[in-house]
Every structure is written in structure tokens, then in C-alpha cells.
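Next up, start-v1.cif (mmCIF, C-alpha atoms):
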data_work
loop_
_atom_site.group_PDB
_atom_site.id
_atom_site.type_symbol
_atom_site.label_atom_id
_atom_site.label_comp_id
_atom_site.auth_asym_id
_atom_site.auth_seq_id
_atom_site.Cartn_x
_atom_site.Cartn_y
_atom_site.Cartn_z
ATOM 1 C CA MET A 15 83.630 122.187 116.342
ATOM 2 C CA ALA A 16 82.984 123.730 112.933
ATOM 3 C CA ASP A 17 86.612 124.900 112.777
ATOM 4 C CA GLN A 18 88.049 121.440 113.394
ATOM 5 C CA PRO A 19 89.845 119.963 110.380
ATOM 6 C CA PHE A 20 88.212 117.029 108.623
ATOM 7 C CA ASN A 21 90.057 113.723 109.136
ATOM 8 C CA VAL A 22 90.498 111.768 105.906
ATOM 9 C CA LEU A 23 91.872 108.245 105.504
ATOM 10 C CA PHE A 24 93.168 107.009 102.136
ATOM 11 C CA LEU A 25 93.201 103.229 101.795
ATOM 12 C CA CYS A 26 95.066 100.893 99.513
ATOM 13 C CA THR A 27 96.226 97.320 99.835
ATOM 14 C CA GLY A 28 100.000 97.871 100.121
ATOM 15 C CA ASN A 29 100.107 101.493 101.378
ATOM 16 C CA SER A 30 103.300 102.131 99.442
ATOM 17 C CA ALA A 31 102.323 104.442 96.569
ATOM 18 C CA ARG A 32 98.814 105.815 95.823
ATOM 19 C CA SER A 33 97.509 106.162 99.372
ATOM 20 C CA ILE A 34 100.817 107.681 100.513
ATOM 21 C CA MET A 35 100.684 110.208 97.654
ATOM 22 C CA ALA A 36 97.064 111.054 98.473
ATOM 23 C CA GLU A 37 97.929 111.612 102.134
ATOM 24 C CA ALA A 38 100.774 113.972 101.187
ATOM 25 C CA ILE A 39 98.696 115.865 98.623
ATOM 26 C CA LEU A 40 95.737 116.455 100.937
ATOM 27 C CA ASN A 41 97.932 117.478 103.849
ATOM 28 C CA LYS A 42 99.507 120.110 101.572
ATOM 29 C CA LEU A 43 96.419 121.290 99.643
ATOM 30 C CA GLY A 44 94.082 121.152 102.606
ATOM 31 C CA ALA A 45 96.416 122.401 105.319
ATOM 32 C CA GLY A 46 94.321 123.604 108.236
ATOM 33 C CA LYS A 47 91.072 122.346 106.718
ATOM 34 C CA PHE A 48 91.978 118.641 106.457
ATOM 35 C CA ARG A 49 94.195 116.138 108.221
ATOM 36 C CA ALA A 50 95.053 113.204 105.975
ATOM 37 C CA TYR A 51 96.186 109.698 106.840
ATOM 38 C CA SER A 52 96.894 106.595 104.790
ATOM 39 C CA ALA A 53 96.928 102.879 105.475
ATOM 40 C CA GLY A 54 96.769 99.493 103.810
ATOM 41 C CA SER A 55 94.925 96.238 104.344
ATOM 42 C CA LYS A 56 98.191 94.352 103.725
ATOM 43 C CA PRO A 57 100.884 97.023 104.063
ATOM 44 C CA LYS A 58 104.200 96.372 102.375
ATOM 45 C CA GLY A 59 106.044 97.810 105.357
ATOM 46 C CA GLN A 60 107.935 100.366 103.302
ATOM 47 C CA VAL A 61 107.012 103.184 100.988
ATOM 48 C CA HIS A 62 107.936 102.592 97.329
ATOM 49 C CA SER A 63 111.194 104.405 96.532
ATOM 50 C CA GLU A 64 109.654 106.063 93.457
ATOM 51 C CA THR A 65 106.851 107.478 95.634
ATOM 52 C CA ILE A 66 109.441 109.093 97.894
ATOM 53 C CA ARG A 67 111.502 110.352 94.960
ATOM 54 C CA LEU A 68 108.493 111.923 93.232
ATOM 55 C CA LEU A 69 107.090 113.564 96.356
ATOM 56 C CA GLN A 70 110.487 114.997 97.301
ATOM 57 C CA SER A 71 111.007 116.317 93.764
ATOM 58 C CA LEU A 72 107.689 118.172 94.117
ATOM 59 C CA GLY A 73 108.643 119.742 97.438
ATOM 60 C CA TYR A 74 106.804 117.451 99.844
ATOM 61 C CA ASP A 75 108.264 116.607 103.236
ATOM 62 C CA THR A 76 108.482 112.812 103.303
ATOM 63 C CA SER A 77 110.178 112.436 106.676
ATOM 64 C CA GLY A 78 107.051 111.103 108.396
ATOM 65 C CA VAL A 79 105.606 108.854 105.690
ATOM 66 C CA ARG A 80 105.412 105.154 106.414
ATOM 67 C CA SER A 81 103.543 102.087 105.233
ATOM 68 C CA LYS A 82 101.092 101.003 107.923
ATOM 69 C CA SER A 83 98.077 98.797 108.569
ATOM 70 C CA TRP A 84 94.545 100.097 108.476
ATOM 71 C CA ASN A 85 94.074 98.451 111.877
ATOM 72 C CA GLU A 86 95.822 101.504 113.384
ATOM 73 C CA TYR A 87 92.780 103.567 112.429
ATOM 74 C CA ALA A 88 90.188 101.122 113.743
ATOM 75 C CA LYS A 89 91.345 101.405 117.371
ATOM 76 C CA LEU A 90 89.368 103.296 119.983
ATOM 77 C CA ASP A 91 92.103 105.919 120.372
ATOM 78 C CA ALA A 92 92.400 106.483 116.605
ATOM 79 C CA PRO A 93 91.341 109.805 115.088
ATOM 80 C CA SER A 94 87.613 110.054 114.460
ATOM 81 C CA LEU A 95 87.331 109.917 110.676
ATOM 82 C CA ASP A 96 85.101 112.094 108.528
ATOM 83 C CA PHE A 97 86.011 110.483 105.185
ATOM 84 C CA ALA A 98 87.636 107.238 104.013
ATOM 85 C CA PHE A 99 88.574 106.806 100.352
ATOM 86 C CA THR A 100 89.857 103.659 98.695
ATOM 87 C CA VAL A 101 92.309 104.400 95.893
ATOM 88 C CA CYS A 102 92.784 100.833 94.682
ATOM 89 C CA ASP A 103 90.265 98.291 93.498
ATOM 90 C CA ASN A 104 91.519 95.510 95.784
ATOM 91 C CA ALA A 105 90.997 97.556 98.948
ATOM 92 C CA ALA A 106 87.568 98.640 97.704
ATOM 93 C CA GLY A 107 86.488 95.011 97.517
ATOM 94 C CA GLU A 108 87.743 94.073 100.980
ATOM 95 C CA VAL A 109 85.734 94.154 104.175
ATOM 96 C CA CYS A 110 87.027 97.183 106.034
ATOM 97 C CA PRO A 111 87.191 97.560 109.793
ATOM 98 C CA VAL A 112 84.656 99.756 111.522
ATOM 99 C CA TRP A 113 86.143 103.246 111.555
ATOM 100 C CA PRO A 114 85.745 105.632 114.480
ATOM 101 C CA GLY A 115 83.427 108.451 113.438
ATOM 102 C CA GLN A 116 81.528 106.428 110.808
ATOM 103 C CA PRO A 117 83.116 108.308 107.895
ATOM 104 C CA MET A 118 81.584 108.911 104.509
ATOM 105 C CA THR A 119 83.256 106.642 101.981
ATOM 106 C CA ALA A 120 83.921 106.569 98.251
ATOM 107 C CA HIS A 121 86.093 104.653 95.816
ATOM 108 C CA TRP A 122 88.636 106.709 93.885
ATOM 109 C CA GLY A 123 90.481 103.884 92.126
ATOM 110 C CA ILE A 124 93.399 104.677 89.872
ATOM 111 C CA PRO A 125 96.008 102.396 88.255
ATOM 112 C CA ASP A 126 98.739 101.160 90.590
ATOM 113 C CA PRO A 127 102.066 102.749 89.633
ATOM 114 C CA ALA A 128 103.901 100.198 91.803
ATOM 115 C CA GLU A 129 102.843 97.562 89.245
ATOM 116 C CA ALA A 130 104.308 99.511 86.320
ATOM 117 C CA LYS A 131 106.739 97.638 84.087
ATOM 118 C CA GLY A 132 109.396 99.000 81.795
ATOM 119 C CA ASN A 133 112.442 101.179 81.956
ATOM 120 C CA PRO A 134 112.958 103.754 84.742
ATOM 121 C CA ALA A 135 111.395 106.551 82.662
ATOM 122 C CA GLU A 136 108.237 104.496 82.019
ATOM 123 C CA ILE A 137 107.935 103.621 85.693
ATOM 124 C CA ALA A 138 108.454 107.264 86.705
ATOM 125 C CA LEU A 139 105.713 108.253 84.241
ATOM 126 C CA ALA A 140 103.281 105.795 85.862
ATOM 127 C CA PHE A 141 103.933 107.435 89.235
ATOM 128 C CA LYS A 142 103.527 110.927 87.755
ATOM 129 C CA ASP A 143 100.210 109.887 86.180
ATOM 130 C CA ALA A 144 98.952 108.496 89.494
ATOM 131 C CA TYR A 145 100.032 111.681 91.251
ATOM 132 C CA ARG A 146 98.302 113.860 88.634
ATOM 133 C CA MET A 147 95.004 111.951 88.940
ATOM 134 C CA LEU A 148 95.097 112.042 92.739
ATOM 135 C CA HIS A 149 95.999 115.730 92.792
ATOM 136 C CA GLN A 150 93.075 116.525 90.490
ATOM 137 C CA ARG A 151 90.559 114.547 92.574
ATOM 138 C CA ILE A 152 91.824 115.934 95.861
ATOM 139 C CA GLY A 153 91.794 119.478 94.485
ATOM 140 C CA ILE A 154 88.114 119.086 93.606
ATOM 141 C CA PHE A 155 87.400 117.493 96.990
ATOM 142 C CA THR A 156 89.051 120.357 98.903
ATOM 143 C CA SER A 157 86.980 122.904 96.975
ATOM 144 C CA LEU A 158 83.636 121.311 97.897
ATOM 145 C CA PRO A 159 81.493 123.288 100.366
ATOM 146 C CA LEU A 160 81.562 120.314 102.760
ATOM 147 C CA ARG A 161 79.837 121.993 105.697
ATOM 148 C CA SER A 162 76.919 123.254 103.600
ATOM 149 C CA LEU A 163 76.087 120.087 101.622
ATOM 150 C CA ASP A 164 73.580 117.581 102.943
ATOM 151 C CA ARG A 165 74.915 114.050 103.405
ATOM 152 C CA LEU A 166 73.297 112.579 100.270
ATOM 153 C CA SER A 167 74.501 115.401 98.003
ATOM 154 C CA LEU A 168 77.984 115.128 99.429
ATOM 155 C CA GLN A 169 78.041 111.342 98.978
ATOM 156 C CA ASN A 170 77.028 111.761 95.333
ATOM 157 C CA LYS A 171 79.785 114.325 94.744
ATOM 158 C CA LEU A 172 82.378 112.028 96.357
ATOM 159 C CA ARG A 173 81.340 109.204 94.027
ATOM 160 C CA GLU A 174 81.481 111.522 91.002
ATOM 161 C CA ILE A 175 85.085 112.386 91.873
ATOM 162 C CA GLY A 176 85.861 108.667 91.864
ATOM 163 C CA ARG A 177 84.468 108.328 88.333
ATOM 164 C CA MET A 178 86.755 110.973 86.835
ATOM 165 C CA GLN A 179 88.970 110.247 83.841
ATOM 166 C CA GLY A 180 91.538 107.557 84.567
ATOM 167 C CA ALA A 181 89.373 105.721 87.083
ATOM 168 C CA THR A 182 89.880 102.001 87.341
ATOM 169 C CA ALA A 183 87.042 99.509 87.804
ATOM 170 C CA LYS A 184 84.260 100.913 89.912
ATOM 171 C CA ALA A 185 83.530 99.665 93.387
ATOM 172 C CA PRO A 186 80.071 98.156 93.735
ATOM 173 C CA GLU A 187 77.410 100.619 94.782
ATOM 174 C CA PRO A 188 76.062 100.063 98.295
ATOM 175 C CA THR A 189 72.784 98.173 98.460
#
In C-alpha cells, what does this structure look like?
Amino acid sequence: MADQPFNVLFLCTGNSARSIMAEAILNKLGAGKFRAYSAGSKPKGQVHSETIRLLQSLGYDTSGVRSKSWNEYAKLDAPSLDFAFTVCDNAAGEVCPVWPGQPMTAHWGIPDPAEAKGNPAEIALAFKDAYRMLHQRIGIFTSLPLRSLDRLSLQNKLREIGRMQGATAKAPEPT
């Protein structure tokens, strides 16, 4: 069992930009060690065209990416999750389904590039910024000694990652 990859779910409301990018990044950076998924509470049904353009320009295979509901991951036959991260403030404030595997959770909110206004260059920059922040957080996450940390220490480290530079409003701490 110790050699099994960790299953990680990235959550956002629309599942069209940030969570899709996070899924792609972790599947590339953590190949063999992690298996990443993404979903949304109210999926838009299609991935934002700028998300696809950016990921393809960086060498990611986007053939399998799609905008989907988080309900897919709450089913009995869904992958057992080890981690679930919200990357938008709206999803962090919503009541999530019960996930198979009772994953550790943290909020890693960053600004939504899909809401960016301006000319095409300004919009592209918003997507690049979101990508950069996600890549940095996921890089730190993949370097953690996950199997040797106790649950409380790991939970604290996951929350610290979510508070890195560029973080949006913080999710409320559990009571």
C-alpha cells in the first residue's frame, strides 16, 4: 500500500481554470507519486479556452481535461481520496459532499483568472499568474515527506501552503 499514489482532488466552483490547472500540474510534477483530479460545485461544462491555451503552450496534454461536477467524486465507486484542496473562496465556503477516503483538506485560494478583465494580454497574464501560484504551491506539496509526517503536522503544512503569497481570503478554520 505504501507505494500507491496519493489521490488528490482540486475543487473550484466552475472547474474551468484553477482546478483544471492544478490537476494538470500535479499529474505532471507528481507523476507516479500522485494522481490528481479536479471538479466543481457548479461546473461550467467546458474548460476555459485560455486554460487550454496556456497548458498546451507549456507542454501539457489537455486531451482528457473536462469540466465536471464534484458529485462524481462522492460516489461509492469514486477513487478513495487522500487530499482535497479548494482553490477558490466560493468552493471553500460551500458544504462539500462526503468524500471516499476522508481526505485531509486545505484551502489554497488564488484569484480567479476566468474573471480577469482587459485586453487579451492582460487576461493571459492573469492565467499565467494563477498557474505560477498553483505550480509553486504544488511543488512544495510534492516535496513534503507525506508518509513520515503525523496527521496534525501535515495538516498544518497544508494550511501554510494555502497562506502563501497571492492567497485570496482565507477559509474559516475548522472548529
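Residues with at least one atom no more than 8 Å from (88.2, 112.2, 95.2), using all atoms listed in the file, are Phe99, Ala120, His121, Trp122, Leu148, Arg151, Ile152, Ile154, Phe155, Leu172, Arg173, Glu174, Ile175 and Gly176 of chain A.
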Could you check which of A:Ala88, A:Met178, A:Ala98, A:Ala38 is closest to Gln70 in chain A, using only C-alpha atoms? A:Ala38
Selected residue, from A:Gln169, A:Ser63, A:Ser94, A:Thr100, that lies nearest to Glu37 in chain A when counting only C-alpha atoms: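 Nearest to Glu37 in chain A: A:Thr100.
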Given only C-alpha atoms as the counted atoms, nearest of A:Arg32, A:Lys58, A:Arg165, A:Arg67 to His149 in chain A: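 With only C-alpha atoms as the atom set, the closest residue is A:Arg32.
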Taking the file as I've supplied it (selection: the PyMOL selection byres ((chain A and resi 123-126) around 6)), which residues are included? Please answer as a VMD selection string. chain A and resid 101 to 103 121 to 122 127 to 129 181 to 182
Name every residue that the PyMOL selection byres ((chain A and resi 161) around 12) selects in this structure, writing the answer as a VMD selection string with chains first and numbers rising. chain A and resid 15 to 20 47 96 156 to 160 162 to 165 167 to 168
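Comparing A:Gly115, A:Phe24, A:Gly46, A:Tyr145 by their smallest distance to Asp91 in chain A, the closest is A:Gly115 (using all atoms listed in the file).
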To one decimal place in Å, what is the distance between CA of Ala45 in chain A and CA of Leu25 in chain A?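 Taking CA of Ala45 in chain A as the start and CA of Leu25 in chain A as the end point, the length is 19.8 Å.
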Expressed in Å, the length from CA of Ala92 in chain A to CA of Cys26 in chain A is 18.2 Å
Contacts of range 76-85 of chain A within 7 Å, all atoms listed in the file, excl. fewer than 3 positions in-chain, as a list in words: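 Result of the neighbour search: Asn29, Ser30, Ala53, Gly54, Ser55, Lys56, Pro57, Lys58, Gly59, Gln60, Val61, Ile66, Gln70, Ala88 and Lys89 of chain A.
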Given all atoms listed in the file as the basis, pick out the residue of A:Ala31, A:Glu136, A:Ala130, A:Phe48 nearest to Thr65 in chain A.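 Distance minimum relative to Thr65 in chain A lands on A:Ala31.
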Looking at A:Leu43, A:Val22, A:Ala50, A:Ala138, which one is nearest to Gln150 in chain A, with distances taken over all atoms listed in the file? A:Leu43
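Note that CA of Val112 in chain A and CA of Ile34 in chain A are 21.1 Å apart.
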Using all atoms of range 42-55 of chain A that appear in the file, construct an axis-aligned enclosing box with 3 Å of padding on every side and provide its centre coordinates and edge lengths in Å, rounded to one decimal, as JSON.
{"center_x": 95.3, "center_y": 109.9, "center_z": 103.9, "size_x": 14.4, "size_y": 33.4, "size_z": 14.6}
Applying 8 Å and only C-alpha atoms, which residues near Phe97 in chain A remain after dropping the ones on its own chain fewer than 3 positions away? List them as a list in words.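 Once the adjacent positions are removed, what remains is Phe20, Asn21, Val22, Leu23, Pro117, Met118 and Thr119 of chain A.
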